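The next block is model.pdb, given as PDB, C-alpha atoms and all ligand atoms.
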```
ATOM      1  CA  MET A   1      83.670 150.190 108.205
ATOM      2  CA  SER A   2      84.754 147.748 105.510
ATOM      3  CA  ILE A   3      85.795 144.132 105.807
ATOM      4  CA  GLN A   4      88.500 143.363 103.263
ATOM      5  CA  ILE A   5      88.417 140.402 100.879
ATOM      6  CA  VAL A   6      91.935 138.996 100.720
ATOM      7  CA  ASP A   7      93.233 136.441  98.202
ATOM      8  CA  PHE A   8      95.106 133.996 100.435
ATOM      9  CA  ALA A   9      96.657 132.221  97.431
ATOM     10  CA  CYS A  10      99.311 134.938  97.378
ATOM     11  CA  PHE A  11     100.373 133.841 100.854
ATOM     12  CA  LEU A  12     100.129 130.115 100.204
ATOM     13  CA  ASP A  13     102.181 130.200  96.990
ATOM     14  CA  GLY A  14     104.731 132.542  98.555
ATOM     15  CA  SER A  15     104.350 135.215  95.866
ATOM     16  CA  ALA A  16     103.268 138.016  98.223
ATOM     17  CA  LYS A  17     103.440 136.676 101.747
ATOM     18  CA  ARG A  18     104.181 139.852 103.636
ATOM     19  CA  GLN A  19     101.695 141.991 101.689
ATOM     20  CA  THR A  20      98.927 139.420 102.184
ATOM     21  CA  ALA A  21      99.703 139.186 105.896
ATOM     22  CA  ASP A  22      99.583 142.993 106.174
ATOM     23  CA  GLN A  23      96.199 143.121 104.430
ATOM     24  CA  ILE A  24      94.765 140.537 106.803
ATOM     25  CA  ILE A  25      96.058 142.305 109.902
ATOM     26  CA  ALA A  26      94.829 145.685 108.640
ATOM     27  CA  SER A  27      91.278 144.375 108.182
ATOM     28  CA  LEU A  28      91.338 142.599 111.565
ATOM     29  CA  ARG A  29      92.627 145.739 113.288
ATOM     30  CA  SER A  30      89.798 147.885 111.978
ATOM     31  CA  THR A  31      86.906 145.384 112.131
ATOM     32  CA  GLY A  32      87.988 142.110 113.756
ATOM     33  CA  PHE A  33      86.919 140.406 110.499
ATOM     34  CA  VAL A  34      88.391 139.584 107.096
ATOM     35  CA  TYR A  35      87.302 137.411 104.163
ATOM     36  CA  LEU A  36      89.801 134.949 102.705
ATOM     37  CA  ARG A  37      89.397 133.415  99.299
ATOM     38  CA  ASN A  38      91.622 130.625  98.018
ATOM     39  CA  PHE A  39      92.206 129.665 101.634
ATOM     40  CA  GLY A  40      93.351 126.122 100.862
ATOM     41  CA  LEU A  41      90.244 123.904 100.677
ATOM     42  CA  SER A  42      88.332 123.183  97.490
ATOM     43  CA  ASN A  43      84.657 124.026  97.017
ATOM     44  CA  GLU A  44      83.994 120.297  96.815
ATOM     45  CA  GLU A  45      85.585 119.622 100.197
ATOM     46  CA  VAL A  46      83.511 122.356 101.806
ATOM     47  CA  GLN A  47      80.304 121.356 100.041
ATOM     48  CA  MET A  48      80.777 117.777 101.178
ATOM     49  CA  MET A  49      80.781 118.898 104.817
ATOM     50  CA  PHE A  50      77.619 120.942 104.268
ATOM     51  CA  ASP A  51      76.016 117.830 102.764
ATOM     52  CA  TRP A  52      76.927 115.812 105.867
ATOM     53  CA  SER A  53      75.523 118.586 108.033
ATOM     54  CA  LYS A  54      72.196 118.548 106.183
ATOM     55  CA  ARG A  55      71.978 114.776 106.420
ATOM     56  CA  LEU A  56      72.708 114.916 110.139
ATOM     57  CA  PHE A  57      70.134 117.569 110.983
ATOM     58  CA  SER A  58      67.435 115.915 108.894
ATOM     59  CA  LEU A  59      67.604 112.799 111.102
ATOM     60  CA  PRO A  60      64.705 112.320 113.540
ATOM     61  CA  HIS A  61      65.082 114.131 116.864
ATOM     62  CA  GLU A  62      65.328 110.831 118.787
ATOM     63  CA  THR A  63      68.221 109.718 116.597
ATOM     64  CA  LYS A  64      70.110 112.976 117.050
ATOM     65  CA  MET A  65      69.536 112.681 120.797
ATOM     66  CA  LEU A  66      71.615 109.478 120.758
ATOM     67  CA  ALA A  67      74.612 111.826 120.897
ATOM     68  CA  PRO A  68      73.337 114.347 123.426
ATOM     69  CA  HIS A  69      75.373 117.388 124.334
ATOM     70  CA  PRO A  70      75.631 117.345 128.154
ATOM     71  CA  GLU A  71      72.963 119.586 129.691
ATOM     72  CA  SER A  72      75.391 121.600 131.744
ATOM     73  CA  GLY A  73      79.019 122.033 132.544
ATOM     74  CA  THR A  74      82.007 122.504 130.341
ATOM     75  CA  HIS A  75      81.826 119.471 128.062
ATOM     76  CA  HIS A  76      80.962 120.789 124.598
ATOM     77  CA  ARG A  77      80.511 117.898 122.226
ATOM     78  CA  GLY A  78      77.648 116.178 120.463
ATOM     79  CA  TYR A  79      74.178 117.361 119.536
ATOM     80  CA  SER A  80      72.441 120.415 120.959
ATOM     81  CA  TYR A  81      68.736 120.697 120.215
ATOM     82  CA  PRO A  82      67.132 124.068 119.320
ATOM     83  CA  CYS A  83      67.241 126.591 122.177
ATOM     84  CA  GLN A  84      69.461 124.375 124.371
ATOM     85  CA  GLU A  85      72.444 126.688 124.227
ATOM     86  CA  LYS A  86      72.238 130.041 125.949
ATOM     87  CA  VAL A  87      74.580 132.584 124.464
ATOM     88  CA  ILE A  88      75.909 134.702 127.232
ATOM     89  CA  GLN A  89      78.436 137.443 127.026
ATOM     90  CA  TYR A  90      80.600 137.003 130.089
ATOM     91  CA  PRO A  91      81.728 140.398 131.347
ATOM     92  CA  GLU A  92      85.393 141.266 131.632
ATOM     93  CA  SER A  93      84.642 143.142 134.818
ATOM     94  CA  GLY A  94      81.613 143.728 136.977
ATOM     95  CA  ASN A  95      79.360 140.985 138.194
ATOM     96  CA  SER A  96      76.310 140.813 135.961
ATOM     97  CA  PHE A  97      75.944 139.091 132.645
ATOM     98  CA  THR A  98      73.093 139.187 130.204
ATOM     99  CA  VAL A  99      70.910 136.307 129.102
ATOM    100  CA  ALA A 100      69.622 136.663 125.558
ATOM    101  CA  PRO A 101      66.358 135.226 124.144
ATOM    102  CA  PRO A 102      66.655 131.506 123.278
ATOM    103  CA  SER A 103      68.803 130.790 120.259
ATOM    104  CA  MET A 104      66.780 128.986 117.580
ATOM    105  CA  LYS A 105      69.474 126.719 116.182
ATOM    106  CA  GLU A 106      70.653 123.176 116.514
ATOM    107  CA  SER A 107      74.314 122.245 116.430
ATOM    108  CA  PHE A 108      76.727 119.354 116.539
ATOM    109  CA  GLU A 109      80.184 119.766 118.000
ATOM    110  CA  VAL A 110      83.248 117.771 117.078
ATOM    111  CA  GLY A 111      86.702 117.957 118.601
ATOM    112  CA  SER A 112      89.958 116.110 118.286
ATOM    113  CA  GLU A 113      89.934 112.458 119.298
ATOM    114  CA  ASP A 114      93.121 113.295 121.246
ATOM    115  CA  ASP A 115      91.350 115.789 123.496
ATOM    116  CA  ASP A 116      90.963 113.823 126.737
ATOM    117  CA  SER A 117      89.363 116.719 128.577
ATOM    118  CA  MET A 118      86.412 116.752 126.149
ATOM    119  CA  PRO A 119      85.820 113.365 124.514
ATOM    120  CA  ASN A 120      83.692 113.377 121.380
ATOM    121  CA  ILE A 121      80.086 112.286 121.643
ATOM    122  CA  TRP A 122      79.177 110.374 118.483
ATOM    123  CA  LEU A 123      75.982 108.930 117.106
ATOM    124  CA  PRO A 124      76.043 105.162 116.712
ATOM    125  CA  GLU A 125      77.828 104.550 113.398
ATOM    126  CA  SER A 126      74.688 102.914 111.960
ATOM    127  CA  ALA A 127      72.657 106.124 112.474
ATOM    128  CA  LEU A 128      74.736 108.000 109.905
ATOM    129  CA  PRO A 129      77.451 105.773 108.449
ATOM    130  CA  GLY A 130      80.612 107.678 107.510
ATOM    131  CA  PHE A 131      79.750 110.825 109.430
ATOM    132  CA  LYS A 132      82.385 110.383 112.133
ATOM    133  CA  GLU A 133      85.181 109.727 109.674
ATOM    134  CA  ALA A 134      84.168 112.620 107.404
ATOM    135  CA  SER A 135      83.896 115.132 110.267
ATOM    136  CA  LEU A 136      87.260 114.175 111.725
ATOM    137  CA  ALA A 137      88.894 114.412 108.299
ATOM    138  CA  PHE A 138      87.386 117.873 107.812
ATOM    139  CA  TYR A 139      88.464 118.899 111.320
ATOM    140  CA  TRP A 140      92.117 118.179 110.518
ATOM    141  CA  LYS A 141      91.902 119.795 107.089
ATOM    142  CA  CYS A 142      90.698 122.918 108.849
ATOM    143  CA  HIS A 143      93.676 122.692 111.185
ATOM    144  CA  GLU A 144      95.959 122.889 108.130
ATOM    145  CA  VAL A 145      94.119 126.051 107.072
ATOM    146  CA  GLU A 146      94.493 127.374 110.615
ATOM    147  CA  LYS A 147      98.251 126.827 110.622
ATOM    148  CA  ASN A 148      98.646 128.865 107.450
ATOM    149  CA  ILE A 149      96.490 131.653 108.830
ATOM    150  CA  LEU A 150      98.530 131.676 112.058
ATOM    151  CA  ARG A 151     101.721 131.964 110.006
ATOM    152  CA  ALA A 152     100.253 134.976 108.223
ATOM    153  CA  LEU A 153      99.147 136.575 111.491
ATOM    154  CA  ALA A 154     102.643 136.168 112.956
ATOM    155  CA  LEU A 155     104.218 137.837 109.919
ATOM    156  CA  GLY A 156     101.633 140.609 110.099
ATOM    157  CA  PHE A 157     102.603 141.260 113.717
ATOM    158  CA  GLY A 158     106.274 141.356 112.719
ATOM    159  CA  LEU A 159     106.994 138.045 114.473
ATOM    160  CA  GLU A 160     108.716 135.015 113.059
ATOM    161  CA  GLU A 161     106.279 132.946 111.044
ATOM    162  CA  LYS A 162     105.985 130.013 113.460
ATOM    163  CA  TRP A 163     105.371 132.164 116.536
ATOM    164  CA  PHE A 164     101.739 131.115 117.147
ATOM    165  CA  LEU A 165     102.133 127.513 115.985
ATOM    166  CA  ARG A 166     103.637 126.122 119.186
ATOM    167  CA  TYR A 167     100.485 127.159 121.070
ATOM    168  CA  HIS A 168      98.074 125.699 118.496
ATOM    169  CA  GLU A 169      98.565 121.995 117.962
ATOM    170  CA  GLY A 170      94.998 121.519 116.836
ATOM    171  CA  THR A 171      93.835 119.305 119.672
ATOM    172  CA  ASP A 172      91.885 122.106 121.367
ATOM    173  CA  ASN A 173      89.873 123.215 118.367
ATOM    174  CA  GLN A 174      86.191 122.755 117.741
ATOM    175  CA  LEU A 175      84.280 122.089 114.557
ATOM    176  CA  ARG A 176      80.649 123.041 114.892
ATOM    177  CA  LEU A 177      77.897 122.207 112.430
ATOM    178  CA  GLN A 178      74.997 124.608 112.804
ATOM    179  CA  HIS A 179      71.485 124.623 111.453
ATOM    180  CA  TYR A 180      69.131 127.532 111.918
ATOM    181  CA  PRO A 181      65.702 126.081 111.138
ATOM    182  CA  SER A 182      63.169 128.014 109.127
ATOM    183  CA  ILE A 183      61.572 130.453 111.539
ATOM    184  CA  ALA A 184      58.788 133.042 111.602
ATOM    185  CA  LEU A 185      60.283 136.452 110.961
ATOM    186  CA  GLU A 186      57.854 137.809 113.537
ATOM    187  CA  SER A 187      59.412 135.819 116.381
ATOM    188  CA  LEU A 188      62.797 137.400 115.670
ATOM    189  CA  LYS A 189      61.321 140.887 115.350
ATOM    190  CA  THR A 190      59.499 140.605 118.653
ATOM    191  CA  ASN A 191      62.632 139.228 120.311
ATOM    192  CA  LYS A 192      60.926 135.998 121.446
ATOM    193  CA  LEU A 193      63.734 134.055 119.778
ATOM    194  CA  THR A 194      67.065 134.860 118.194
ATOM    195  CA  ARG A 195      69.155 133.068 115.627
ATOM    196  CA  MET A 196      72.341 133.905 117.516
ATOM    197  CA  SER A 197      72.623 136.791 119.921
ATOM    198  CA  GLY A 198      75.638 139.059 120.188
ATOM    199  CA  HIS A 199      78.817 137.534 121.574
ATOM    200  CA  THR A 200      82.550 137.489 121.090
ATOM    201  CA  ASP A 201      84.430 134.254 120.433
ATOM    202  CA  PHE A 202      86.603 132.894 123.232
ATOM    203  CA  ASP A 203      89.362 131.533 121.071
ATOM    204  CA  THR A 204      92.301 132.833 119.064
ATOM    205  CA  LEU A 205      90.456 132.963 115.781
ATOM    206  CA  THR A 206      87.375 131.514 114.142
ATOM    207  CA  PHE A 207      86.723 130.877 110.520
ATOM    208  CA  LEU A 208      83.270 130.377 109.176
ATOM    209  CA  PHE A 209      81.859 128.571 106.188
ATOM    210  CA  GLN A 210      78.388 129.912 105.464
ATOM    211  CA  ASP A 211      75.698 129.211 102.907
ATOM    212  CA  SER A 212      74.130 131.895 100.734
ATOM    213  CA  ILE A 213      71.359 132.916 103.167
ATOM    214  CA  GLY A 214      73.246 135.485 105.233
ATOM    215  CA  GLY A 215      72.329 137.241 108.459
ATOM    216  CA  LEU A 216      75.739 137.477 110.136
ATOM    217  CA  GLU A 217      76.445 140.949 111.503
ATOM    218  CA  VAL A 218      79.403 142.507 113.305
ATOM    219  CA  GLU A 219      79.392 145.441 115.672
ATOM    220  CA  ASP A 220      81.355 148.443 114.465
ATOM    221  CA  PRO A 221      84.172 148.780 117.027
ATOM    222  CA  ASN A 222      84.073 152.561 116.582
ATOM    223  CA  GLN A 223      80.318 152.854 117.057
ATOM    224  CA  PRO A 224      79.093 150.507 119.784
ATOM    225  CA  GLY A 225      75.533 149.345 119.129
ATOM    226  CA  ARG A 226      75.805 149.720 115.343
ATOM    227  CA  PHE A 227      75.856 146.362 113.573
ATOM    228  CA  VAL A 228      77.052 145.917 109.998
ATOM    229  CA  ALA A 229      76.183 142.985 107.702
ATOM    230  CA  VAL A 230      78.866 140.396 106.881
ATOM    231  CA  PRO A 231      77.203 139.014 103.734
ATOM    232  CA  PRO A 232      78.239 135.652 102.290
ATOM    233  CA  VAL A 233      80.979 135.944  99.659
ATOM    234  CA  PRO A 234      81.033 132.839  97.449
ATOM    235  CA  ASN A 235      84.044 130.512  97.779
ATOM    236  CA  SER A 236      85.486 132.315 100.760
ATOM    237  CA  ILE A 237      85.677 131.981 104.509
ATOM    238  CA  VAL A 238      84.977 134.700 107.028
ATOM    239  CA  LEU A 239      87.792 134.943 109.537
ATOM    240  CA  ASN A 240      87.385 136.748 112.839
ATOM    241  CA  SER A 241      89.659 137.373 115.776
ATOM    242  CA  GLY A 242      88.705 136.013 119.194
ATOM    243  CA  ASP A 243      89.272 137.082 122.790
ATOM    244  CA  PHE A 244      92.712 135.503 123.033
ATOM    245  CA  LEU A 245      94.035 137.300 119.973
ATOM    246  CA  GLN A 246      92.705 140.542 121.400
ATOM    247  CA  ARG A 247      94.658 139.930 124.611
ATOM    248  CA  TRP A 248      97.753 138.715 122.769
ATOM    249  CA  SER A 249      97.664 141.846 120.594
ATOM    250  CA  ASN A 250      97.184 144.198 123.554
ATOM    251  CA  ASP A 251      93.850 145.332 122.070
ATOM    252  CA  THR A 252      95.380 146.305 118.727
ATOM    253  CA  VAL A 253      93.192 143.603 117.142
ATOM    254  CA  PRO A 254      89.654 143.599 118.573
ATOM    255  CA  SER A 255      87.503 140.565 119.303
ATOM    256  CA  THR A 256      84.349 142.123 117.925
ATOM    257  CA  MET A 257      80.801 141.359 118.949
ATOM    258  CA  HIS A 258      78.823 139.542 116.259
ATOM    259  CA  ARG A 259      75.384 137.959 115.900
ATOM    260  CA  VAL A 260      73.038 136.290 113.434
ATOM    261  CA  VAL A 261      69.774 138.030 112.583
ATOM    262  CA  ALA A 262      67.180 137.975 109.804
ATOM    263  CA  PRO A 263      69.110 138.483 106.563
ATOM    264  CA  PRO A 264      68.697 142.084 105.394
ATOM    265  CA  GLY A 265      66.301 142.546 102.500
ATOM    266  CA  MET A 266      65.170 138.917 102.663
ATOM    267  CA  VAL A 267      61.544 138.508 101.634
ATOM    268  CA  ALA A 268      60.181 136.002 104.110
ATOM    269  CA  GLU A 269      57.724 133.859 102.154
ATOM    270  CA  GLY A 270      54.594 133.334 104.208
ATOM    271  CA  GLY A 271      56.343 135.178 107.010
ATOM    272  CA  MET A 272      58.961 132.433 107.304
ATOM    273  CA  LEU A 273      62.707 132.862 106.953
ATOM    274  CA  PRO A 274      64.516 130.037 105.152
ATOM    275  CA  ASP A 275      66.833 127.571 106.887
ATOM    276  CA  ARG A 276      70.475 128.605 107.259
ATOM    277  CA  TYR A 277      73.488 126.312 107.577
ATOM    278  CA  SER A 278      76.905 127.413 108.738
ATOM    279  CA  ILE A 279      80.087 125.723 109.905
ATOM    280  CA  PRO A 280      82.395 127.614 112.235
ATOM    281  CA  TYR A 281      85.824 126.245 113.142
ATOM    282  CA  PHE A 282      87.132 127.593 116.432
ATOM    283  CA  CYS A 283      90.917 127.710 116.825
ATOM    284  CA  ALA A 284      92.099 127.723 120.401
ATOM    285  CA  PRO A 285      95.450 127.557 122.125
ATOM    286  CA  GLY A 286      96.353 124.663 124.408
ATOM    287  CA  MET A 287      94.871 124.912 127.898
ATOM    288  CA  SER A 288      98.277 125.363 129.543
ATOM    289  CA  THR A 289      99.134 128.381 127.371
ATOM    290  CA  ILE A 290      99.754 131.596 129.261
ATOM    291  CA  ILE A 291      98.721 134.529 127.114
ATOM    292  CA  ASP A 292     100.821 137.622 127.487
ATOM    293  CA  CYS A 293     100.949 140.616 125.143
ATOM    294  CA  ILE A 294     103.184 139.805 122.164
ATOM    295  CA  PRO A 295     106.384 141.711 121.466
ATOM    296  CA  GLY A 296     105.778 144.813 119.385
ATOM    297  CA  THR A 297     102.253 145.472 120.693
ATOM    298  CA  TRP A 298     103.390 147.306 123.804
ATOM    299  CA  SER A 299     105.980 149.851 124.827
ATOM    300  CA  THR A 300     106.572 152.389 127.572
ATOM    301  CA  ASP A 301     104.146 154.718 125.774
ATOM    302  CA  GLN A 302     101.602 151.959 125.207
ATOM    303  CA  PRO A 303     101.768 149.701 128.261
ATOM    304  CA  LYS A 304     100.281 146.212 128.486
ATOM    305  CA  LYS A 305      96.543 146.368 129.180
ATOM    306  CA  TYR A 306      96.313 142.794 130.431
ATOM    307  CA  GLU A 307      97.921 140.633 133.015
ATOM    308  CA  PRO A 308      99.037 137.263 131.672
ATOM    309  CA  VAL A 309      96.131 134.804 131.758
ATOM    310  CA  SER A 310      96.004 131.025 131.572
ATOM    311  CA  VAL A 311      93.813 129.741 128.749
ATOM    312  CA  GLY A 312      92.463 126.953 130.945
ATOM    313  CA  GLU A 313      91.267 129.264 133.653
ATOM    314  CA  TYR A 314      89.680 131.742 131.253
ATOM    315  CA  SER A 315      87.932 129.118 129.097
ATOM    316  CA  VAL A 316      86.351 127.171 131.930
ATOM    317  CA  LYS A 317      84.816 130.373 133.229
ATOM    318  CA  ARG A 318      83.334 131.302 129.831
ATOM    319  CA  PHE A 319      82.270 127.782 128.775
ATOM    320  CA  ALA A 320      80.434 127.096 132.007
ATOM    321  CA  ALA A 321      78.245 130.146 131.538
ATOM    322  CA  ASN A 322      76.841 129.043 128.172
ATOM    323  CA  TYR A 323      74.616 126.144 129.191
TER
HETATM  324 NI    NI A 401      80.857 133.651 117.155
END
```
The structure given in the file should be rewritten as structure tokens.
Amino acid sequence: MSIQIVDFACFLDGSAKRQTADQIIASLRSTGFVYLRNFGLSNEEVQMMFDWSKRLFSLPHETKMLAPHPESGTHHRGYSYPCQEKVIQYPESGNSFTVAPPSMKESFEVGSEDDDSMPNIWLPESALPGFKEASLAFYWKCHEVEKNILRALALGFGLEEKWFLRYHEGTDNQLRLQHYPSIALESLKTNKLTRMSGHTDFDTLTFLFQDSIGGLEVEDPNQPGRFVAVPPVPNSIVLNSGDFLQRWSNDTVPSTMHRVVAPPGMVAEGGMLPDRYSIPYFCAPGMSTIIDCIPGTWSTDQPKKYEPVSVGEYSVKRFAANY
């Protein structure tokens, strides 16, 4: 199982659009993951967001709790303290779902200011001046990256380039700053805590900015239960397909299970793993979108595996299970 590293510049500058799109789709089909370098943001822009993230998480707990993520329900904005979020894999069928050990991370979620269904929950401006403006600016820069990726995906599926764009106006996305505090290796080994337990993403696609610590793993779709490392590649993002793309593609592109564990080969000094920072950006279709298998992914020989589903209905069900 190998996750390809694709130079996205060849798509952005138009020099090899179709070939780049094909490479991306090929990697997603076999693993659900692909690395993109030259994806459209500079190292400085990305580093600046990591700097904001570090400043935010180093604030005192009481300050961070001035923007509390609601304890339950489907409103996912603001600050979640360590172990607040339960990561649950909601089953497609059947009636039981699994609860993993508590996830030892803190996070801060930002959405579009135009999303009336989930208003942002901000710290008072004086607690971290400039943070709100910087996060919103980064959010919309990521949406520009998303639009280019969606164009490439459409081409890769043999659709016209703008096919996915009408469903992804950017208002339903989520920028999440994550901090995995330094933790005793032993507590991960004994399963008392996790960094992030296995789950699939309930969106169209996610791209992830990660620091150099590592620990992300993806399940091999051909060998359930076998997880493979997705190590950090400098100056690149990790792109993965979510549940909606899997449904749209009639299972030709999997939404693969992934998790965050102790980085392989990491010598834990004094038994402690170092902090890890990551920034995922979740790209989701509008709530009113009905997802039906896209043309070209089904035929009389390969019928549709899914009934059309409304994004709103599906998301509320999954979101509500996570807190
Ligand atoms: Ni994920």
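Considering all atoms listed in the file, the residue among A:Ala26, A:Val316, A:Ala229, A:Ile121 positioned nearest to A:Pro70 is A:Ile121.
Between A:Pro124 and the candidates A:Leu239, A:Leu159, A:Leu66, A:Leu216, the tightest atom-to-atom separation, counting only C-alpha atoms, involves A:Leu66.
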- Query: Of the residues A:Ala137, A:Leu12, A:Ala127, A:Met196, which is the one nearest to ligand NI 401 (chain A), using all atoms listed in the file?
  - Reply: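 Among the listed residues, the smallest separation from ligand NI 401 (chain A) belongs to A:Met196.
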- Query: Looking at A:Thr190, A:Ser310, A:Thr252, A:Thr200, which one is nearest to ligand NI 401 (chain A), with distances taken over only C-alpha atoms and all ligand atoms?
  - Reply: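 With only C-alpha atoms and all ligand atoms as the atom set, the closest residue is A:Thr200.
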- Task: Write out as number ranges by chain each polymer residue whose atoms come within 8 Å of A:Gly286, counting all atoms listed in the file; drop sequence neighbours fewer than 3 positions from it.
- Result: A: 167-169, 171-172, 289, 311-312
- Selection dump of the PyMOL selection byres (((chain A and resi 219-227) around 12) and not hetatm), as a ChimeraX atom specification: /A:1-3,28-33,197-200,215-218,228-230,251-261,264
- Item | Shell around A:Phe164 at 8 Å using only C-alpha atoms, local window under 5 positions removed, as an NGL selection string | :A and (150-151 or 154)
Box for stretch 299-317 of chain A: with edges along x, y and z, all listed atoms inside and 5 Å added on each side, what are the centre and edge lengths in Å to one decimal, as lines of an AutoDock Vina configuration file?
```
center_x = 95.7
center_y = 140.8
center_z = 129.2
size_x = 31.8
size_y = 37.8
size_z = 18.8
```
- Selection near A:Gln302, 12 Å with only C-alpha atoms, sequence-local residues under 6 positions removed, as a ChimeraX atom specification: /A:249-252,293,295-296
- Query: By how many Å are atom CA of A:Leu175 and atom CA of A:Glu62 apart?
  - Reply: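 Result for atom CA of A:Leu175 versus atom CA of A:Glu62: 22.4 Å, one decimal.
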Just so the selection is clear, what residues does the PyMOL selection byres (((chain A and resi 61) around 12) and not hetatm) cover here, as a CSV table (one decimal) with C-alpha atoms, keeping the file's coordinate frame?
```
chain,number,residue,atom,x,y,z
A,56,LEU,CA,72.7,114.9,110.1
A,57,PHE,CA,70.1,117.6,111.0
A,58,SER,CA,67.4,115.9,108.9
A,59,LEU,CA,67.6,112.8,111.1
A,60,PRO,CA,64.7,112.3,113.5
A,62,GLU,CA,65.3,110.8,118.8
A,63,THR,CA,68.2,109.7,116.6
A,64,LYS,CA,70.1,113.0,117.0
A,65,MET,CA,69.5,112.7,120.8
A,66,LEU,CA,71.6,109.5,120.8
A,67,ALA,CA,74.6,111.8,120.9
A,68,PRO,CA,73.3,114.3,123.4
A,79,TYR,CA,74.2,117.4,119.5
A,80,SER,CA,72.4,120.4,121.0
A,81,TYR,CA,68.7,120.7,120.2
A,82,PRO,CA,67.1,124.1,119.3
A,106,GLU,CA,70.7,123.2,116.5
A,127,ALA,CA,72.7,106.1,112.5
```
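Of note, atom CA of A:Phe50 and atom CA of A:Asp116 are spaced 27.1 Å apart.
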- Note on the structure: Students should find that atom CA of A:Pro274 and atom CA of A:Tyr180 are spaced 8.6 Å
- Message: Can you translate the PyMOL selection byres (((chain A and resi 24) around 8) and not hetatm) into the concrete residues it hits in this file, as a ChimeraX atom specification?
- Response: /A:4,6,20-23,25-28,34,152-153,156
Next, dump the selected residues to file, keeping only C-alpha atoms, as a compact mmCIF listing (two decimals), in the frame of the given file.
```txt
# COMPACT_ATOMS: atom_id res chain seq x y z
CA GLN A 4 88.50 143.36 103.26
CA VAL A 6 91.94 139.00 100.72
CA THR A 20 98.93 139.42 102.18
CA ALA A 21 99.70 139.19 105.90
CA ASP A 22 99.58 142.99 106.17
CA GLN A 23 96.20 143.12 104.43
CA ILE A 25 96.06 142.30 109.90
CA ALA A 26 94.83 145.68 108.64
CA SER A 27 91.28 144.38 108.18
CA LEU A 28 91.34 142.60 111.56
CA VAL A 34 88.39 139.58 107.10
CA ALA A 152 100.25 134.98 108.22
CA LEU A 153 99.15 136.57 111.49
CA GLY A 156 101.63 140.61 110.10
```
